[in-house]
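Participant: My questions will all concern the structure given below.
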Amino acid sequence: MHVHILGIGGTFMAGVARLAVELGHRVTGSDANLYPPMSDQLHALGVDVHLGYGIEPLRARPDIVVVGNALSRGNACVEYLLDESLPYTSGPAWLHDHVLPGRHVIAVAGTHGKTTTSSLVTWMLEHAGLAPGFLVGGVVENFGVSARLGAPTAPFVVEADEYDTAFFDKRSKFLHYAPRTLLINNIEYDHADIFPDLAAIQRQFHHVVRLVPASGAIVHPAPAPNIDQVLAQGSWSRVVRFGSEAPCEWRYAWQPTSESPLVVRDPSGADHARGTPLLGAHNAHNTVAALAAVAEVGVPAATGLAALAGFASVKRRMELRGTRHGVAVYDDFAHHPTAIAATIAALRSRVTPPGRILAVSEMRSNTMRMGVHRDALAGAFAAADLTYVVAPSDLPWDLGAALAPLPSHAVFGDTASLIDAVAGAARPGDAVLVMSNGGFERVHERLLEALGDTE
């Protein structure tokens with residue numbers, strides 16, 4: 001079968017491409033932009049990618065066209081496939097039809113932490129010998145890929161995004177996954193381009209709650225008022241809670257300065273203490289969430305925690321890209337104020353005075369560009385020593401005014417000027433933390449080059 005994927009460069013669709021190749025299909029794709037790590041993954045698979053959305057690849061009349069959610073009416077490929085009556089589907093629907101049947105699906109949902117938590121769940125299952133399948137929104141370092149089929153009857157872990165599915169299916173993507181274990185890590189307002197308010201997001205989460213069988217489980221943190229409001233609309237499955245306060249089936253305490261910073265009490269009442277390679281309180285949360293999820297397929301807490309010793313995290317999640325002249329450059333996917341604040345706080349445990357954190361970001365996501373979170377931006381960057389942000393010239397609100405409460409910040413109209421400023425300000429012992437949900441014009445590599453030239 002010839003599968004052509006429109007929007008193949010996105011993390012989810014590149015994962016779909018990998019799964020289709022593993023199933024023995026011939027896979028081609030199109031995308032307007034392609035950048036690492038997904039471009040590297042597709043190249044390694046031998047997938048022929050057409051840059052741009054010209055209709056030439058569709059003239060070959062593939063057996064099925066898988067349409068990414070970035071494409072809309074008016075796109076040349078979309079119009080062609082409709083005019084020519086080519087068979088088409090969405091990525092989530094393709095996954096549901098071709099990969100998930102017969103599997104225990106563990107869906108990891110929430111506004112923040114999905115990729116790291118999905119990767120933790122997958123690695124804990126692998127450590128337990130279950131050979132899971134997975135589709136994660138990033139390259140899982142332990143496997144070097146973002147997706148794999150795994151053993152035919154093994155659990156399948158999917159990063160369950162609430163964003164819409166396709167131009168012809170405006171439901172959230174996670175409604176296609178039929179989870180038996182649903183992990184809701186958190187719920188905040190995001191994706192303002194498609195959701196008018198928090199209640200609209202909660203409505204989608206309740207739709208997926210309605211799909212979990214009575215024999216399945218919904219795992220979530222407590223206290224979590226936004227999640228509680230979702231479950232109050234109706235819940236028919238067992239609920240498993242985790243948190244630092246009672247009542248929770250899974251309890252934990254985290255101390256960043258301890259040799260065994262994470263102490264977990266499992267539902268049997270047994271305590272487990274373990275060191276963890278992951279920085280920050282948010283990753284302690286993610287780890288316990290993963291432990292509770294894998295327990296639903298029989299993995300004991302001790303086994304899950306033992307997997308941490310070999311966990312290699314995920315690309316673009318506090319990833320050290322290099323060090324030049326004593327200045328470390330990190331890459332992270334954070335782009336929501338809550339995630340930005342948590343990421344800076346986590347790095348603070350590694351960077352001590354006189355070393356400083358130089359936070360670098362861009363107004364890239366639709367929600368950020370719309371200014372929905374502008375009042376939270378100064379607080380998000382507050383723990384950084386210096387803040388540098390790139391913004392488009394047509395931003396419809398005053399970014400400088402939003403960042404004004406910060407003692408030291410700068411706004412740039414282009415990446416080159418930002419790189420010059422950061423390279424000029426950085427000194428040995430500093431950490432440059434680059435945060436973006438896109439390629440950011442290779443700013444990490446260009447910063448390292450600029451720092452390498454600095455004596």
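In the structure tokens, chains take the letters A, B, ... in the order shown, each chain's residues start at 1, and ligands count up from 1 in the order shown.
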Can you pull out the residues contacting Val157 (chain A)? Cut-off 7 Å, using only C-alpha atoms, and skip same-chain residues under 4 positions away; I want them as a ChimeraX atom specification.

Facilitator: /A:105-107,118,122,133-135

Participant: Report as a CSV table (one decimal) with C-alpha atoms, in the first residue's frame all protein, DNA and RNA residues lying within 7 Å of His325 (chain A), evaluated on only C-alpha atoms, omitting residues in the same chain fewer than 2 positions from it.

Facilitator:
```csv
chain,number,residue,atom,x,y,z
A,323,THR,CA,29.2,24.0,25.8
A,327,VAL,CA,28.7,28.5,28.5
A,428,PRO,CA,31.7,31.2,31.7
A,452,GLY,CA,32.8,29.4,19.9
```

Participant: Write out as an NGL selection string the set of residues from region 86-270 of chain A that DSSP, computed on the backbone, places in strand (DSSP E).

Facilitator: :A and (88-90 or 105-109 or 133-140 or 145-148 or 156-160 or 164-166 or 169-172 or 181-184 or 217-221 or 238-243 or 250-254 or 262-265)

Participant: Might you pull out every residue within 10 Å of Pro155 (chain A), with only C-alpha atoms counted and same-chain residues fewer than 2 positions away left off, and present them as a count of residues only?

Facilitator: 23

Participant: Report the distance between CA of Ala20 (chain A) and CA of Thr111 (chain A) in Å, rounded to one decimal place.

Facilitator: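 Atom-to-atom, CA of Ala20 (chain A) to CA of Thr111 (chain A), that is 27.5 Å.
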
Participant: Using Å and a single decimal, report how far CA of Pro267 (chain A) sits from CA of Pro247 (chain A).

Facilitator: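 About the pair CA of Pro247 (chain A) and CA of Pro267 (chain A): they are 11.1 Å apart.
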
Participant: So that I can see what lies close to Asp375 (chain A), please list as a PDB file with N, CA and C atoms, in the first residue's frame the residues with an atom at most 7 Å from it, counting only C-alpha atoms and leaving out residues fewer than 2 positions away in the same chain.

Facilitator:
```pdb
ATOM      1  N   HIS A 373      -1.619  34.860  26.912  1.00  0.00           N
ATOM      2  CA  HIS A 373      -0.866  34.688  28.157  1.00  0.00           C
ATOM      3  C   HIS A 373       0.077  35.859  28.452  1.00  0.00           C
ATOM      4  N   LEU A 377       3.585  36.377  31.284  1.00  0.00           N
ATOM      5  CA  LEU A 377       4.931  36.205  30.741  1.00  0.00           C
ATOM      6  C   LEU A 377       6.024  36.661  31.698  1.00  0.00           C
ATOM      7  N   ALA A 402       4.747  43.864  28.352  1.00  0.00           N
ATOM      8  CA  ALA A 402       4.454  42.647  29.124  1.00  0.00           C
ATOM      9  C   ALA A 402       5.668  42.186  29.917  1.00  0.00           C
TER      10      ALA A 402
END
```

Participant: Would you mind listing what lies within 9 Å of Gly310 (chain A) as number ranges by chain, with only C-alpha atoms counted and same-chain residues fewer than 3 positions away left out?

Facilitator: A: 123, 127, 142, 277, 306-307

Participant: Kindly save the residues from that selection, with N, CA and C atoms included, as a PDB file, in the first residue's frame.

Facilitator:
```pdb
ATOM      1  N   TRP A 123       9.568   3.692  28.565  1.00  0.00           N
ATOM      2  CA  TRP A 123      10.817   3.105  29.028  1.00  0.00           C
ATOM      3  C   TRP A 123      10.590   2.184  30.222  1.00  0.00           C
ATOM      4  N   HIS A 127      11.686  -1.628  30.223  1.00  0.00           N
ATOM      5  CA  HIS A 127      12.523  -2.170  31.296  1.00  0.00           C
ATOM      6  C   HIS A 127      11.876  -3.399  31.931  1.00  0.00           C
ATOM      7  N   ASN A 142      16.172   6.797  24.465  1.00  0.00           N
ATOM      8  CA  ASN A 142      16.453   5.387  24.704  1.00  0.00           C
ATOM      9  C   ASN A 142      16.231   4.525  23.469  1.00  0.00           C
ATOM     10  N   PRO A 277      17.363  11.039  37.172  1.00  0.00           N
ATOM     11  CA  PRO A 277      18.199  11.887  36.313  1.00  0.00           C
ATOM     12  C   PRO A 277      17.485  13.147  35.838  1.00  0.00           C
ATOM     13  N   ALA A 306      13.283   1.483  39.054  1.00  0.00           N
ATOM     14  CA  ALA A 306      14.594   0.977  38.651  1.00  0.00           C
ATOM     15  C   ALA A 306      14.924   1.380  37.215  1.00  0.00           C
ATOM     16  N   ALA A 307      13.884   1.568  36.397  1.00  0.00           N
ATOM     17  CA  ALA A 307      14.110   1.970  35.002  1.00  0.00           C
ATOM     18  C   ALA A 307      14.721   3.359  34.900  1.00  0.00           C
TER      19      ALA A 307
END
```

Participant: Kindly give the distance, in Å, that separates CA of Val360 (chain A) and CA of Gly144 (chain A), rounded to a single decimal.

Facilitator: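 Separation of CA of Val360 (chain A) and CA of Gly144 (chain A): 26.5 Å.
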
Participant: Neighbours of Ala70 (chain A) within 9 Å (only C-alpha atoms; same-chain residues fewer than 6 positions away dropped), as a VMD selection string?

Facilitator: chain A and resid 6 to 7 166 to 167

Participant: Which residues are close to Glu79 (chain A), i.e. within 12 Å by only C-alpha atoms, leaving aside same-chain residues fewer than 5 positions away? Reply as a ChimeraX atom specification.

Facilitator: /A:53-55,58,67,71-74,84-86,167

Participant: Let me see the file: selected residues, N, CA and C atoms, as a PDB file, in the first residue's frame.

Facilitator:
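Just written: part-v1.pdb:
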```
ATOM      1  N   TYR A  53       3.798  22.091  -0.900  1.00  0.00           N
ATOM      2  CA  TYR A  53       2.522  21.403  -1.069  1.00  0.00           C
ATOM      3  C   TYR A  53       2.046  21.445  -2.518  1.00  0.00           C
ATOM      4  N   GLY A  54       2.982  21.188  -3.427  1.00  0.00           N
ATOM      5  CA  GLY A  54       2.586  20.999  -4.822  1.00  0.00           C
ATOM      6  C   GLY A  54       1.844  19.680  -4.980  1.00  0.00           C
ATOM      7  N   ILE A  55       1.038  19.575  -6.025  1.00  0.00           N
ATOM      8  CA  ILE A  55       0.176  18.400  -6.181  1.00  0.00           C
ATOM      9  C   ILE A  55       0.864  17.221  -6.874  1.00  0.00           C
ATOM     10  N   LEU A  58       0.644  13.685  -5.494  1.00  0.00           N
ATOM     11  CA  LEU A  58      -0.694  13.113  -5.464  1.00  0.00           C
ATOM     12  C   LEU A  58      -1.142  12.616  -6.837  1.00  0.00           C
ATOM     13  N   VAL A  67      -3.844  13.121   6.170  1.00  0.00           N
ATOM     14  CA  VAL A  67      -3.808  14.576   6.179  1.00  0.00           C
ATOM     15  C   VAL A  67      -3.531  15.105   7.577  1.00  0.00           C
ATOM     16  N   LEU A  71      -3.045  21.432   7.717  1.00  0.00           N
ATOM     17  CA  LEU A  71      -3.548  21.746   6.379  1.00  0.00           C
ATOM     18  C   LEU A  71      -5.029  22.099   6.438  1.00  0.00           C
ATOM     19  N   SER A  72      -5.417  23.067   5.630  1.00  0.00           N
ATOM     20  CA  SER A  72      -6.806  23.520   5.638  1.00  0.00           C
ATOM     21  C   SER A  72      -7.294  23.694   4.200  1.00  0.00           C
ATOM     22  N   ARG A  73      -8.577  23.979   4.064  1.00  0.00           N
ATOM     23  CA  ARG A  73      -9.134  24.268   2.745  1.00  0.00           C
ATOM     24  C   ARG A  73      -8.391  25.434   2.112  1.00  0.00           C
ATOM     25  N   GLY A  74      -8.160  25.315   0.823  1.00  0.00           N
ATOM     26  CA  GLY A  74      -7.358  26.299   0.111  1.00  0.00           C
ATOM     27  C   GLY A  74      -5.957  25.809  -0.175  1.00  0.00           C
ATOM     28  N   GLU A  84     -10.223  15.154  -6.969  1.00  0.00           N
ATOM     29  CA  GLU A  84      -9.939  13.864  -7.607  1.00  0.00           C
ATOM     30  C   GLU A  84     -10.521  12.679  -6.836  1.00  0.00           C
ATOM     31  N   SER A  85     -11.210  12.974  -5.729  1.00  0.00           N
ATOM     32  CA  SER A  85     -11.821  11.911  -4.906  1.00  0.00           C
ATOM     33  C   SER A  85     -10.802  10.873  -4.443  1.00  0.00           C
ATOM     34  N   LEU A  86      -9.619  11.348  -4.069  1.00  0.00           N
ATOM     35  CA  LEU A  86      -8.616  10.442  -3.521  1.00  0.00           C
ATOM     36  C   LEU A  86      -9.043  10.004  -2.120  1.00  0.00           C
ATOM     37  N   PHE A 167      -8.743  19.109   8.961  1.00  0.00           N
ATOM     38  CA  PHE A 167      -9.676  20.132   8.463  1.00  0.00           C
ATOM     39  C   PHE A 167     -11.098  19.584   8.368  1.00  0.00           C
TER      40      PHE A 167
END
```
